[in-house]
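> See data04.cif below, with mmCIF, C-alpha atoms.
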data_upload
loop_
_atom_site.group_PDB
_atom_site.id
_atom_site.type_symbol
_atom_site.label_atom_id
_atom_site.label_comp_id
_atom_site.auth_asym_id
_atom_site.auth_seq_id
_atom_site.Cartn_x
_atom_site.Cartn_y
_atom_site.Cartn_z
ATOM 1 C CA MET J 724 -83.266 -75.817 4.089
ATOM 2 C CA ASP J 725 -83.566 -79.227 2.452
ATOM 3 C CA LEU J 726 -86.031 -81.000 0.175
ATOM 4 C CA SER J 727 -87.716 -83.054 2.907
ATOM 5 C CA THR J 728 -88.310 -79.930 5.006
ATOM 6 C CA ILE J 729 -89.874 -78.145 2.037
ATOM 7 C CA ARG J 730 -92.132 -81.139 1.318
ATOM 8 C CA ALA J 731 -93.289 -81.207 4.931
ATOM 9 C CA GLY J 732 -93.750 -77.431 5.088
ATOM 10 C CA GLY J 733 -96.050 -77.163 2.068
ATOM 11 C CA LYS J 734 -96.580 -74.001 0.044
ATOM 12 C CA ALA J 735 -95.174 -71.654 2.692
ATOM 13 C CA ALA J 736 -91.893 -73.570 2.840
ATOM 14 C CA LEU J 737 -91.653 -73.655 -0.946
ATOM 15 C CA ALA J 738 -92.248 -69.890 -1.128
ATOM 16 C CA ARG J 739 -89.415 -69.313 1.358
ATOM 17 C CA ALA J 740 -87.114 -71.602 -0.622
ATOM 18 C CA LEU J 741 -87.853 -69.776 -3.869
ATOM 19 C CA SER J 742 -87.177 -66.457 -2.164
ATOM 20 C CA ALA J 743 -83.812 -67.814 -0.998
ATOM 21 C CA ILE J 744 -83.015 -68.926 -4.552
ATOM 22 C CA GLU J 745 -83.820 -65.424 -5.820
ATOM 23 C CA SER J 746 -81.805 -63.609 -3.168
ATOM 24 C CA THR J 747 -78.749 -65.926 -2.947
ATOM 25 C CA PRO J 748 -78.767 -68.091 -6.095
ATOM 26 C CA ASP J 749 -75.107 -69.122 -5.803
ATOM 27 C CA SER J 750 -74.947 -69.873 -2.075
ATOM 28 C CA PRO J 751 -73.761 -73.367 -1.086
ATOM 29 C CA THR J 752 -77.097 -74.044 0.639
ATOM 30 C CA VAL J 753 -79.119 -73.180 -2.467
ATOM 31 C CA LEU J 754 -76.844 -75.108 -4.838
ATOM 32 C CA SER J 755 -76.974 -78.157 -2.544
ATOM 33 C CA LEU J 756 -80.774 -77.982 -2.458
ATOM 34 C CA LEU J 757 -80.937 -77.743 -6.258
ATOM 35 C CA ASP J 758 -78.523 -80.657 -6.612
ATOM 36 C CA THR J 759 -80.828 -82.780 -4.454
ATOM 37 C CA ALA J 760 -83.934 -81.609 -6.316
ATOM 38 C CA HIS J 761 -82.328 -82.332 -9.693
ATOM 39 C CA ALA J 762 -81.761 -85.940 -8.649
ATOM 40 C CA ALA J 763 -85.335 -86.264 -7.324
ATOM 41 C CA ALA J 764 -87.151 -85.079 -10.464
ATOM 42 C CA GLN J 765 -90.666 -86.529 -10.777
ATOM 43 C CA ALA J 766 -92.861 -83.995 -12.605
ATOM 44 C CA HIS J 767 -93.547 -83.616 -16.299
ATOM 45 C CA VAL J 768 -92.640 -80.048 -17.299
ATOM 46 C CA VAL J 769 -94.926 -78.259 -19.757
ATOM 47 C CA GLY J 770 -93.851 -74.940 -21.255
ATOM 48 C CA MET J 771 -96.627 -72.768 -22.678
ATOM 49 C CA THR J 772 -95.740 -69.975 -25.069
ATOM 50 C CA GLY J 773 -97.332 -67.773 -27.686
ATOM 51 C CA PRO J 774 -97.986 -64.137 -28.614
ATOM 52 C CA PRO J 775 -99.520 -61.654 -26.146
ATOM 53 C CA GLY J 776 -103.308 -61.884 -25.921
ATOM 54 C CA VAL J 777 -103.516 -65.422 -27.287
ATOM 55 C CA GLY J 778 -105.174 -66.712 -24.105
ATOM 56 C CA LYS J 779 -102.284 -68.443 -22.327
ATOM 57 C CA SER J 780 -103.438 -67.504 -18.832
ATOM 58 C CA THR J 781 -107.012 -68.622 -19.494
ATOM 59 C CA LEU J 782 -105.733 -71.904 -20.873
ATOM 60 C CA MET J 783 -103.405 -72.268 -17.902
ATOM 61 C CA ASN J 784 -106.369 -71.864 -15.565
ATOM 62 C CA ALA J 785 -108.357 -74.558 -17.383
ATOM 63 C CA LEU J 786 -105.432 -77.003 -17.413
ATOM 64 C CA ILE J 787 -104.814 -76.537 -13.690
ATOM 65 C CA ALA J 788 -108.491 -77.194 -12.916
ATOM 66 C CA ASP J 789 -108.559 -80.448 -14.908
ATOM 67 C CA TRP J 790 -105.249 -81.694 -13.528
ATOM 68 C CA ARG J 791 -106.383 -81.000 -9.970
ATOM 69 C CA ALA J 792 -109.726 -82.713 -10.633
ATOM 70 C CA SER J 793 -107.787 -85.842 -11.574
ATOM 71 C CA GLY J 794 -105.693 -85.628 -8.394
ATOM 72 C CA ARG J 795 -102.451 -84.417 -9.944
ATOM 73 C CA ARG J 796 -100.418 -81.847 -8.037
ATOM 74 C CA VAL J 797 -99.448 -78.817 -10.132
ATOM 75 C CA GLY J 798 -96.678 -76.268 -9.730
ATOM 76 C CA CYS J 799 -96.912 -73.167 -11.948
ATOM 77 C CA ILE J 800 -94.420 -70.509 -12.941
ATOM 78 C CA ALA J 801 -95.927 -67.434 -14.625
ATOM 79 C CA VAL J 802 -93.284 -65.207 -16.207
ATOM 80 C CA ASP J 803 -94.711 -61.691 -16.270
ATOM 81 C CA PRO J 804 -93.665 -58.419 -17.856
ATOM 82 C CA SER J 805 -91.583 -56.247 -15.536
ATOM 83 C CA SER J 806 -92.445 -53.038 -13.793
ATOM 84 C CA ARG J 807 -90.327 -50.180 -15.149
ATOM 85 C CA ARG J 808 -90.290 -48.655 -11.677
ATOM 86 C CA SER J 809 -89.459 -51.605 -9.399
ATOM 87 C CA GLY J 810 -88.291 -54.295 -11.825
ATOM 88 C CA GLY J 811 -90.766 -56.725 -10.261
ATOM 89 C CA ALA J 812 -93.448 -58.833 -11.923
ATOM 90 C CA LEU J 813 -96.632 -56.993 -12.855
ATOM 91 C CA LEU J 814 -98.653 -60.086 -11.847
ATOM 92 C CA GLY J 815 -100.945 -59.809 -14.849
ATOM 93 C CA ASP J 816 -101.059 -63.568 -15.402
ATOM 94 C CA ARG J 817 -101.456 -64.585 -11.773
ATOM 95 C CA THR J 818 -104.499 -62.397 -11.174
ATOM 96 C CA ARG J 819 -106.394 -64.230 -13.927
ATOM 97 C CA LEU J 820 -106.027 -67.612 -12.205
ATOM 98 C CA SER J 821 -108.882 -68.871 -10.045
ATOM 99 C CA THR J 822 -106.918 -71.361 -7.946
ATOM 100 C CA ASP J 823 -107.890 -72.067 -4.346
ATOM 101 C CA PRO J 824 -105.232 -70.539 -2.046
ATOM 102 C CA GLU J 825 -105.972 -73.286 0.501
ATOM 103 C CA ASP J 826 -105.278 -76.075 -1.992
ATOM 104 C CA GLN J 827 -101.861 -77.502 -1.121
ATOM 105 C CA GLY J 828 -101.843 -79.373 -4.427
ATOM 106 C CA VAL J 829 -101.332 -76.262 -6.561
ATOM 107 C CA PHE J 830 -98.691 -73.569 -6.261
ATOM 108 C CA VAL J 831 -98.297 -70.494 -8.494
ATOM 109 C CA ARG J 832 -95.195 -68.304 -8.608
ATOM 110 C CA SER J 833 -94.862 -65.131 -10.664
ATOM 111 C CA MET J 834 -91.455 -64.038 -11.943
ATOM 112 C CA ALA J 835 -90.422 -60.828 -13.670
ATOM 113 C CA ALA J 836 -88.745 -61.260 -17.061
ATOM 114 C CA ARG J 837 -86.728 -58.067 -16.424
ATOM 115 C CA ASP J 838 -84.035 -57.707 -19.103
ATOM 116 C CA ARG J 839 -84.326 -61.276 -20.395
ATOM 117 C CA LEU J 840 -85.537 -61.418 -23.990
ATOM 118 C CA GLY J 841 -86.162 -65.147 -24.379
ATOM 119 C CA GLY J 842 -89.567 -65.225 -22.683
ATOM 120 C CA LEU J 843 -88.285 -66.549 -19.338
ATOM 121 C CA ALA J 844 -86.856 -65.045 -16.159
ATOM 122 C CA GLU J 845 -83.252 -65.650 -15.136
ATOM 123 C CA LEU J 846 -84.213 -67.903 -12.203
ATOM 124 C CA THR J 847 -86.949 -69.882 -13.969
ATOM 125 C CA VAL J 848 -84.709 -72.943 -14.382
ATOM 126 C CA ALA J 849 -83.800 -73.122 -10.692
ATOM 127 C CA ALA J 850 -87.440 -72.695 -9.652
ATOM 128 C CA MET J 851 -88.514 -75.357 -12.146
ATOM 129 C CA VAL J 852 -85.917 -77.846 -10.874
ATOM 130 C CA LEU J 853 -87.130 -77.416 -7.297
ATOM 131 C CA MET J 854 -90.820 -77.626 -8.199
ATOM 132 C CA ARG J 855 -90.151 -80.596 -10.478
ATOM 133 C CA ALA J 856 -89.128 -82.578 -7.390
ATOM 134 C CA LEU J 857 -92.327 -81.666 -5.514
ATOM 135 C CA TYR J 858 -95.226 -81.882 -8.001
ATOM 136 C CA ASP J 859 -96.651 -84.142 -10.696
ATOM 137 C CA ILE J 860 -96.877 -81.386 -13.320
ATOM 138 C CA VAL J 861 -94.877 -78.171 -13.616
ATOM 139 C CA LEU J 862 -96.506 -75.644 -15.954
ATOM 140 C CA ILE J 863 -94.455 -72.672 -17.142
ATOM 141 C CA GLU J 864 -96.142 -69.783 -18.915
ATOM 142 C CA THR J 865 -93.736 -67.484 -20.730
ATOM 143 C CA VAL J 866 -94.164 -63.777 -21.208
ATOM 144 C CA GLY J 867 -95.749 -63.087 -24.614
ATOM 145 C CA VAL J 868 -93.325 -63.968 -27.404
ATOM 146 C CA GLY J 869 -92.821 -62.999 -31.024
ATOM 147 C CA GLN J 870 -90.434 -64.583 -33.515
ATOM 148 C CA SER J 871 -87.216 -65.451 -31.676
ATOM 149 C CA GLU J 872 -88.063 -65.939 -27.974
ATOM 150 C CA THR J 873 -87.539 -69.683 -27.823
ATOM 151 C CA ASP J 874 -85.904 -70.180 -24.404
ATOM 152 C CA VAL J 875 -88.846 -72.299 -23.265
ATOM 153 C CA ALA J 876 -87.547 -75.149 -25.440
ATOM 154 C CA ALA J 877 -84.469 -75.269 -23.204
ATOM 155 C CA ILE J 878 -86.448 -75.847 -20.006
ATOM 156 C CA ALA J 879 -89.598 -77.880 -20.770
ATOM 157 C CA ASP J 880 -90.257 -81.531 -21.543
ATOM 158 C CA SER J 881 -93.259 -80.601 -23.678
ATOM 159 C CA VAL J 882 -93.546 -77.225 -25.414
ATOM 160 C CA LEU J 883 -97.078 -76.020 -26.075
ATOM 161 C CA PHE J 884 -97.405 -73.189 -28.613
ATOM 162 C CA CYS J 885 -100.659 -71.206 -28.698
ATOM 163 C CA VAL J 886 -102.082 -69.666 -31.866
ATOM 164 C CA GLN J 887 -104.950 -67.172 -31.928
ATOM 165 C CA PRO J 888 -107.419 -67.270 -34.838
ATOM 166 C CA GLY J 889 -107.710 -64.267 -37.097
ATOM 167 C CA SER J 890 -104.662 -62.449 -35.714
ATOM 168 C CA GLY J 891 -101.837 -63.430 -38.040
ATOM 169 C CA ASP J 892 -100.340 -65.765 -35.415
ATOM 170 C CA ALA J 893 -100.358 -68.615 -37.939
ATOM 171 C CA LEU J 894 -98.092 -66.548 -40.184
ATOM 172 C CA GLN J 895 -95.768 -65.857 -37.253
ATOM 173 C CA PHE J 896 -95.676 -69.574 -36.558
ATOM 174 C CA MET J 897 -94.360 -70.288 -40.051
ATOM 175 C CA LYS J 898 -91.171 -68.363 -39.270
ATOM 176 C CA ALA J 899 -88.363 -70.751 -38.412
ATOM 177 C CA GLY J 900 -87.567 -69.565 -34.872
ATOM 178 C CA ILE J 901 -91.031 -70.418 -33.560
ATOM 179 C CA ALA J 902 -91.830 -73.323 -35.887
ATOM 180 C CA GLU J 903 -88.906 -75.348 -34.546
ATOM 181 C CA ILE J 904 -89.852 -75.367 -30.863
ATOM 182 C CA PRO J 905 -93.351 -76.828 -30.252
ATOM 183 C CA ASP J 906 -94.258 -80.406 -29.402
ATOM 184 C CA LEU J 907 -97.946 -79.490 -29.450
ATOM 185 C CA VAL J 908 -99.854 -76.608 -31.027
ATOM 186 C CA VAL J 909 -103.133 -75.245 -29.675
ATOM 187 C CA VAL J 910 -105.484 -72.997 -31.625
ATOM 188 C CA THR J 911 -107.173 -70.993 -28.867
ATOM 189 C CA LYS J 912 -110.629 -69.366 -28.979
ATOM 190 C CA ALA J 913 -111.981 -72.267 -31.031
ATOM 191 C CA ASP J 914 -115.482 -70.801 -30.655
ATOM 192 C CA MET J 915 -114.422 -68.508 -33.540
ATOM 193 C CA GLU J 916 -115.197 -71.455 -35.757
ATOM 194 C CA ASP J 917 -114.308 -70.263 -39.266
ATOM 195 C CA GLU J 918 -111.200 -68.321 -38.236
ATOM 196 C CA ALA J 919 -110.064 -71.142 -35.944
ATOM 197 C CA GLY J 920 -110.434 -73.677 -38.728
ATOM 198 C CA ARG J 921 -108.356 -71.543 -41.088
ATOM 199 C CA ALA J 922 -105.676 -71.019 -38.431
ATOM 200 C CA ARG J 923 -105.482 -74.770 -37.830
ATOM 201 C CA ALA J 924 -105.167 -75.457 -41.562
ATOM 202 C CA ASP J 925 -102.404 -72.832 -41.883
ATOM 203 C CA VAL J 926 -100.413 -74.294 -38.990
ATOM 204 C CA GLU J 927 -100.806 -77.850 -40.278
ATOM 205 C CA ALA J 928 -99.558 -76.693 -43.689
ATOM 206 C CA ALA J 929 -96.551 -75.003 -42.074
ATOM 207 C CA LEU J 930 -95.755 -78.151 -40.092
ATOM 208 C CA ALA J 931 -95.964 -80.246 -43.253
ATOM 209 C CA LEU J 932 -93.345 -78.013 -44.908
ATOM 210 C CA ALA J 933 -91.009 -77.934 -41.904
ATOM 211 C CA SER J 934 -88.064 -80.293 -41.710
ATOM 212 C CA ASP J 935 -88.616 -83.337 -39.519
ATOM 213 C CA THR J 936 -86.863 -82.639 -36.213
ATOM 214 C CA THR J 937 -89.295 -84.464 -33.962
ATOM 215 C CA GLU J 938 -87.737 -87.939 -34.256
ATOM 216 C CA GLY J 939 -90.969 -89.831 -34.683
ATOM 217 C CA TRP J 940 -93.403 -87.553 -32.882
ATOM 218 C CA THR J 941 -96.194 -86.078 -35.006
ATOM 219 C CA ILE J 942 -97.020 -82.610 -33.678
ATOM 220 C CA PRO J 943 -100.780 -82.446 -33.019
ATOM 221 C CA VAL J 944 -102.718 -79.240 -33.724
ATOM 222 C CA LEU J 945 -105.634 -79.030 -31.296
ATOM 223 C CA MET J 946 -108.612 -76.706 -31.015
ATOM 224 C CA VAL J 947 -109.454 -75.344 -27.567
ATOM 225 C CA SER J 948 -111.960 -72.919 -26.099
ATOM 226 C CA ALA J 949 -110.617 -72.568 -22.581
ATOM 227 C CA PRO J 950 -113.462 -70.525 -20.973
ATOM 228 C CA ALA J 951 -115.949 -73.230 -22.027
ATOM 229 C CA ARG J 952 -113.472 -76.018 -21.174
ATOM 230 C CA ASP J 953 -113.899 -77.356 -24.724
ATOM 231 C CA GLY J 954 -110.899 -79.323 -25.928
ATOM 232 C CA ILE J 955 -109.085 -79.373 -22.569
ATOM 233 C CA ALA J 956 -109.378 -83.143 -22.055
ATOM 234 C CA PRO J 957 -107.967 -83.966 -25.530
ATOM 235 C CA LEU J 958 -105.134 -81.496 -24.905
ATOM 236 C CA ILE J 959 -104.220 -83.137 -21.600
ATOM 237 C CA ASP J 960 -104.366 -86.525 -23.302
ATOM 238 C CA ALA J 961 -101.969 -85.245 -25.992
ATOM 239 C CA ILE J 962 -99.584 -83.930 -23.320
ATOM 240 C CA ASP J 963 -99.669 -87.332 -21.603
ATOM 241 C CA ARG J 964 -98.998 -89.066 -24.918
ATOM 242 C CA HIS J 965 -95.994 -86.843 -25.503
ATOM 243 C CA ALA J 966 -94.734 -87.610 -21.995
ATOM 244 C CA ALA J 967 -95.001 -91.331 -22.755
ATOM 245 C CA PHE J 968 -93.236 -90.765 -26.081
ATOM 246 C CA LEU J 969 -90.340 -89.026 -24.324
ATOM 247 C CA ASP J 970 -89.927 -91.910 -21.907
ATOM 248 C CA ARG J 971 -89.149 -94.276 -24.744
ATOM 249 C CA ALA J 972 -85.443 -94.876 -25.374
ATOM 250 C CA ASP J 973 -84.427 -92.319 -22.709
ATOM 251 C CA GLY J 974 -85.822 -89.420 -24.754
ATOM 252 C CA ARG J 975 -86.705 -87.420 -21.640
ATOM 253 C CA ALA J 976 -83.302 -88.009 -20.026
ATOM 254 C CA LYS J 977 -81.464 -86.991 -23.202
ATOM 255 C CA ARG J 978 -83.533 -83.826 -23.563
ATOM 256 C CA ARG J 979 -83.020 -82.834 -19.938
ATOM 257 C CA HIS J 980 -79.280 -83.492 -20.146
ATOM 258 C CA ALA J 981 -78.944 -81.254 -23.214
ATOM 259 C CA GLN J 982 -80.969 -78.576 -21.416
ATOM 260 C CA ALA J 983 -78.733 -78.828 -18.330
ATOM 261 C CA GLU J 984 -75.594 -78.301 -20.412
ATOM 262 C CA LEU J 985 -77.129 -75.275 -22.144
ATOM 263 C CA TRP J 986 -78.155 -73.812 -18.785
ATOM 264 C CA LEU J 987 -74.657 -74.331 -17.375
ATOM 265 C CA VAL J 988 -73.019 -72.515 -20.290
ATOM 266 C CA GLN J 989 -75.464 -69.606 -19.893
ATOM 267 C CA ALA J 990 -75.003 -69.487 -16.118
ATOM 268 C CA ILE J 991 -71.204 -69.324 -16.403
ATOM 269 C CA ARG J 992 -71.460 -66.621 -19.081
ATOM 270 C CA ASP J 993 -73.925 -64.592 -16.987
ATOM 271 C CA ARG J 994 -71.707 -64.701 -13.916
ATOM 272 C CA PHE J 995 -68.196 -64.499 -15.399
ATOM 273 C CA GLY J 996 -68.668 -63.161 -18.924
ATOM 274 C CA ARG J 997 -67.348 -64.590 -22.143
ATOM 275 C CA ASP J 998 -63.765 -64.481 -20.858
ATOM 276 C CA GLY J 999 -64.773 -66.506 -17.807
ATOM 277 C CA LEU J 1000 -66.497 -69.052 -20.032
ATOM 278 C CA ARG J 1001 -63.341 -69.295 -22.148
ATOM 279 C CA ARG J 1002 -61.150 -69.787 -19.070
ATOM 280 C CA ALA J 1003 -63.510 -72.459 -17.740
ATOM 281 C CA GLY J 1004 -62.772 -74.534 -20.838
ATOM 282 C CA PRO J 1005 -65.129 -77.001 -22.533
ATOM 283 C CA VAL J 1006 -68.409 -77.190 -20.611
ATOM 284 C CA SER J 1007 -69.777 -80.706 -20.420
ATOM 285 C CA LEU J 1008 -71.605 -82.827 -17.874
ATOM 286 C CA PRO J 1009 -71.496 -86.558 -17.302
ATOM 287 C CA PHE J 1010 -74.843 -87.892 -18.460
ATOM 288 C CA GLY J 1011 -77.593 -87.402 -15.894
ATOM 289 C CA THR J 1012 -75.593 -85.286 -13.465
ATOM 290 C CA SER J 1013 -76.714 -81.970 -12.000
ATOM 291 C CA PRO J 1014 -75.386 -78.717 -13.479
ATOM 292 C CA PHE J 1015 -75.565 -76.941 -10.119
ATOM 293 C CA GLY J 1016 -72.650 -78.790 -8.559
ATOM 294 C CA ARG J 1017 -70.595 -78.153 -11.684
ATOM 295 C CA LEU J 1018 -71.468 -74.451 -11.484
ATOM 296 C CA ALA J 1019 -70.184 -74.336 -7.901
ATOM 297 C CA GLU J 1020 -66.933 -76.026 -8.951
ATOM 298 C CA THR J 1021 -66.482 -73.606 -11.854
ATOM 299 C CA ALA J 1022 -67.215 -70.610 -9.652
ATOM 300 C CA TYR J 1023 -64.516 -71.717 -7.208
ATOM 301 C CA ALA J 1024 -62.053 -72.383 -10.021
ATOM 302 C CA LEU J 1025 -62.572 -68.856 -11.372
ATOM 303 C CA SER J 1026 -62.576 -67.178 -7.957
ATOM 304 C CA PRO J 1027 -59.592 -64.944 -7.083
ATOM 305 C CA LYS J 1028 -59.660 -66.587 -3.640
ATOM 306 C CA ASN J 1029 -58.642 -69.879 -5.242
ATOM 307 C CA PRO J 1030 -54.826 -70.100 -5.268
ATOM 308 C CA HIS J 1031 -55.099 -72.122 -8.493
ATOM 309 C CA CYS J 1032 -57.505 -69.703 -10.163
ATOM 310 C CA LEU J 1033 -57.883 -70.405 -13.886
#
Any chance you could give the structure as structure tokens?


Amino acid sequence: MDLSTIRAGGKAALARALSAIESTPDSPTVLSLLDTAHAAAQAHVVGMTGPPGVGKSTLMNALIADWRASGRRVGCIAVDPSSRRSGGALLGDRTRLSTDPEDQGVFVRSMAARDRLGGLAELTVAAMVLMRALYDIVLIETVGVGQSETDVAAIADSVLFCVQPGSGDALQFMKAGIAEIPDLVVVTKADMEDEAGRARADVEAALALASDTTEGWTIPVLMVSAPARDGIAPLIDAIDRHAAFLDRADGRAKRRHAQAELWLVQAIRDRFGRDGLRRAGPVSLPFGTSPFGRLAETAYALSPKNPHCL
């Protein structure tokens, strides 16, 4: 299983590779594949988050349609709530998408959040890294979030936060945990004209009061009615402008490197606990390198089979 084989094999090969990542995430074959994919990154990664019922899946559907109409290949990860019985994804988001199953230029994968509370599944990062090497856009929809589920900021290039008019979402946005993560804000259901206008004004006021952590990027607040496709083109244009902004002065590379270090710390803690993380020592990566190779080295160093185990 290598990257060229997956490219040649299309959606079926990618599905098999993702299944292998889920079943044997720490195998040498999987880690080698992810190392190669990390070095071959080409897609812009968009993370979409927001409260339940805000319209993320409908917006996702509209974005996919416009990106495909312009010839861009799109890989999607939909993080779903988990079944209490099986632990698997309930597939609520995926069933609302109207993608053509024969279209090799779009791929949708559902993942169960299970016991993760940050809005993402445990294997979302690995899946994103692989899909990032195969598509032009990777779109990640989180499970519905509240006040503190901000993991999407540690995986995406552009974070899109959705606000629903007339629901109190604007008030939720003003709370620090959520207000710090978006690069773009979308007021959904813009056909609710008065309520949508008030929600936009509330969010803009909250952004004006927030400390400047965007390093020169002004966070746009856009109005969208996804079922009518109103506002989708301006939203895609704003995403493209943010992508161009990140490419200045290595902004994208710096963001991805910080994300890789955070992922590596979490992966070591998940596998070996806090004591294992302590024994591994300071976790750092040379700039631009893959965290997957470093994870394999750390796993060997902490393994009882290693005669020099830490």

> I'd like the contact shell of Val797 of chain J - 10 Å cut-off, all atoms listed in the file, skipping same-chain residues fewer than 5 positions apart - returned as a PyMOL selection string.

chain J and resi 766-768+786-788+790-791+827-831+854-855+857-862

> Pick out the residues sitting within 10 Å of Ala913 of chain J, and hand them over as a PyMOL selection string; count all atoms listed in the file, and ignore anything fewer than 5 positions along from it in its own chain.

chain J and resi 887-888+918-920+922-923+945-949+951+953-954

> Can you turn the PyMOL selection byres ((chain J and resi 1000-1008) around 12) into a concrete residue list for this file, as a PyMOL selection string?

chain J and resi 977+979-999+1009-1018+1020-1026+1032-1033

> So, counting all atoms listed in the file, which residue among J:Glu864, J:Pro905, J:Ala876, J:Asp925 is closest to Thr781 of chain J?

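Among J:Glu864, J:Pro905, J:Ala876, J:Asp925, it is J:Glu864 that comes nearest to Thr781 of chain J.
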
> Find the residue from J:Gln765, J:Val882, J:Val777, J:Pro751 that sits nearest to Leu907 of chain J; use only C-alpha atoms when measuring.

J:Val882

> Which is closer to Ala961 of chain J than all the others in J:Asp917, J:Asp749, J:Asp880, J:Asp906, using only C-alpha atoms?

J:Asp906

> Would you mind telling me which residue in J:Trp940, J:Val866, J:Gly732, J:Asp803 lies nearest to Ala967 of chain J when using only C-alpha atoms?

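When distances to Ala967 of chain J are compared using only C-alpha atoms, the smallest one comes from J:Trp940.
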
> Name the closest residue to Asp970 of chain J among the candidates J:Leu958, J:Thr747, J:Val886, J:Ser881; distances are taken between atoms, counting only C-alpha atoms.

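Comparing J:Leu958, J:Thr747, J:Val886, J:Ser881 against Asp970 of chain J, the winner is J:Ser881.
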
> With all atoms of segment 926-929 of chain J from the file as input, state the centre and edge lengths in Å to one decimal of the axis-aligned box that has 4 Å extra on each side, as JSON.


{"center_x": -98.7, "center_y": -76.1, "center_z": -41.3, "size_x": 12.3, "size_y": 11.6, "size_z": 12.7}

> Written as an mmCIF file with C-alpha atoms, in the coordinates of the input, what is the full residue list that the PyMOL selection byres ((chain J and resi 875) around 10) yields on the file shown?


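Printed below is out-v7.cif as written:
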data_model
loop_
_atom_site.group_PDB
_atom_site.id
_atom_site.type_symbol
_atom_site.label_atom_id
_atom_site.label_comp_id
_atom_site.auth_asym_id
_atom_site.auth_seq_id
_atom_site.Cartn_x
_atom_site.Cartn_y
_atom_site.Cartn_z
ATOM 1 C CA VAL J 769 -94.926 -78.259 -19.757
ATOM 2 C CA GLY J 770 -93.851 -74.940 -21.255
ATOM 3 C CA MET J 771 -96.627 -72.768 -22.678
ATOM 4 C CA THR J 772 -95.740 -69.975 -25.069
ATOM 5 C CA GLY J 841 -86.162 -65.147 -24.379
ATOM 6 C CA GLY J 842 -89.567 -65.225 -22.683
ATOM 7 C CA LEU J 843 -88.285 -66.549 -19.338
ATOM 8 C CA THR J 847 -86.949 -69.882 -13.969
ATOM 9 C CA VAL J 848 -84.709 -72.943 -14.382
ATOM 10 C CA ILE J 863 -94.455 -72.672 -17.142
ATOM 11 C CA GLU J 864 -96.142 -69.783 -18.915
ATOM 12 C CA THR J 865 -93.736 -67.484 -20.730
ATOM 13 C CA GLU J 872 -88.063 -65.939 -27.974
ATOM 14 C CA THR J 873 -87.539 -69.683 -27.823
ATOM 15 C CA ASP J 874 -85.904 -70.180 -24.404
ATOM 16 C CA ALA J 876 -87.547 -75.149 -25.440
ATOM 17 C CA ALA J 877 -84.469 -75.269 -23.204
ATOM 18 C CA ILE J 878 -86.448 -75.847 -20.006
ATOM 19 C CA ALA J 879 -89.598 -77.880 -20.770
ATOM 20 C CA ASP J 880 -90.257 -81.531 -21.543
ATOM 21 C CA SER J 881 -93.259 -80.601 -23.678
ATOM 22 C CA VAL J 882 -93.546 -77.225 -25.414
ATOM 23 C CA LEU J 883 -97.078 -76.020 -26.075
ATOM 24 C CA ILE J 904 -89.852 -75.367 -30.863
ATOM 25 C CA PRO J 905 -93.351 -76.828 -30.252
#

> What separation in Å, quoted to one decimal, exists between atom CA of Arg739 of chain J and atom CA of Ala792 of chain J?

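If I compute the distance from atom CA of Arg739 of chain J to atom CA of Ala792 of chain J, I get 27.1 Å.
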
> Give me, please, the distance in Å between atom CA of Met851 of chain J and atom CA of Val802 of chain J, quoted to one decimal.

11.9 Å

> Could you work out how far atom CA of Ser833 of chain J lies from atom CA of Glu745 of chain J, giving the answer in Å with one decimal?

12.1 Å

> Evaluate the PyMOL selection byres ((chain J and resi 763) around 10) here and jot the selected residues down as a PDB file with C-alpha atoms, in the frame of the given file.


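Once written, part-v1.pdb looks like this:
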ATOM      1  CA  LEU J 726     -86.031 -81.000   0.175  1.00  0.00           C
ATOM      2  CA  LEU J 757     -80.937 -77.743  -6.258  1.00  0.00           C
ATOM      3  CA  ASP J 758     -78.523 -80.657  -6.612  1.00  0.00           C
ATOM      4  CA  THR J 759     -80.828 -82.780  -4.454  1.00  0.00           C
ATOM      5  CA  ALA J 760     -83.934 -81.609  -6.316  1.00  0.00           C
ATOM      6  CA  HIS J 761     -82.328 -82.332  -9.693  1.00  0.00           C
ATOM      7  CA  ALA J 762     -81.761 -85.940  -8.649  1.00  0.00           C
ATOM      8  CA  ALA J 764     -87.151 -85.079 -10.464  1.00  0.00           C
ATOM      9  CA  GLN J 765     -90.666 -86.529 -10.777  1.00  0.00           C
ATOM     10  CA  ALA J 766     -92.861 -83.995 -12.605  1.00  0.00           C
ATOM     11  CA  VAL J 852     -85.917 -77.846 -10.874  1.00  0.00           C
ATOM     12  CA  LEU J 853     -87.130 -77.416  -7.297  1.00  0.00           C
ATOM     13  CA  ARG J 855     -90.151 -80.596 -10.478  1.00  0.00           C
ATOM     14  CA  ALA J 856     -89.128 -82.578  -7.390  1.00  0.00           C
ATOM     15  CA  LEU J 857     -92.327 -81.666  -5.514  1.00  0.00           C
TER      16      LEU J 857
END

> Go through J:Ala849, J:Ser727, J:Ser793, J:Glu825 and flag the residue nearest Ile744 of chain J, using all atoms listed in the file for the distances.

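Checking each of J:Ala849, J:Ser727, J:Ser793, J:Glu825 against Ile744 of chain J, counting all atoms listed in the file, the winner is J:Ala849.
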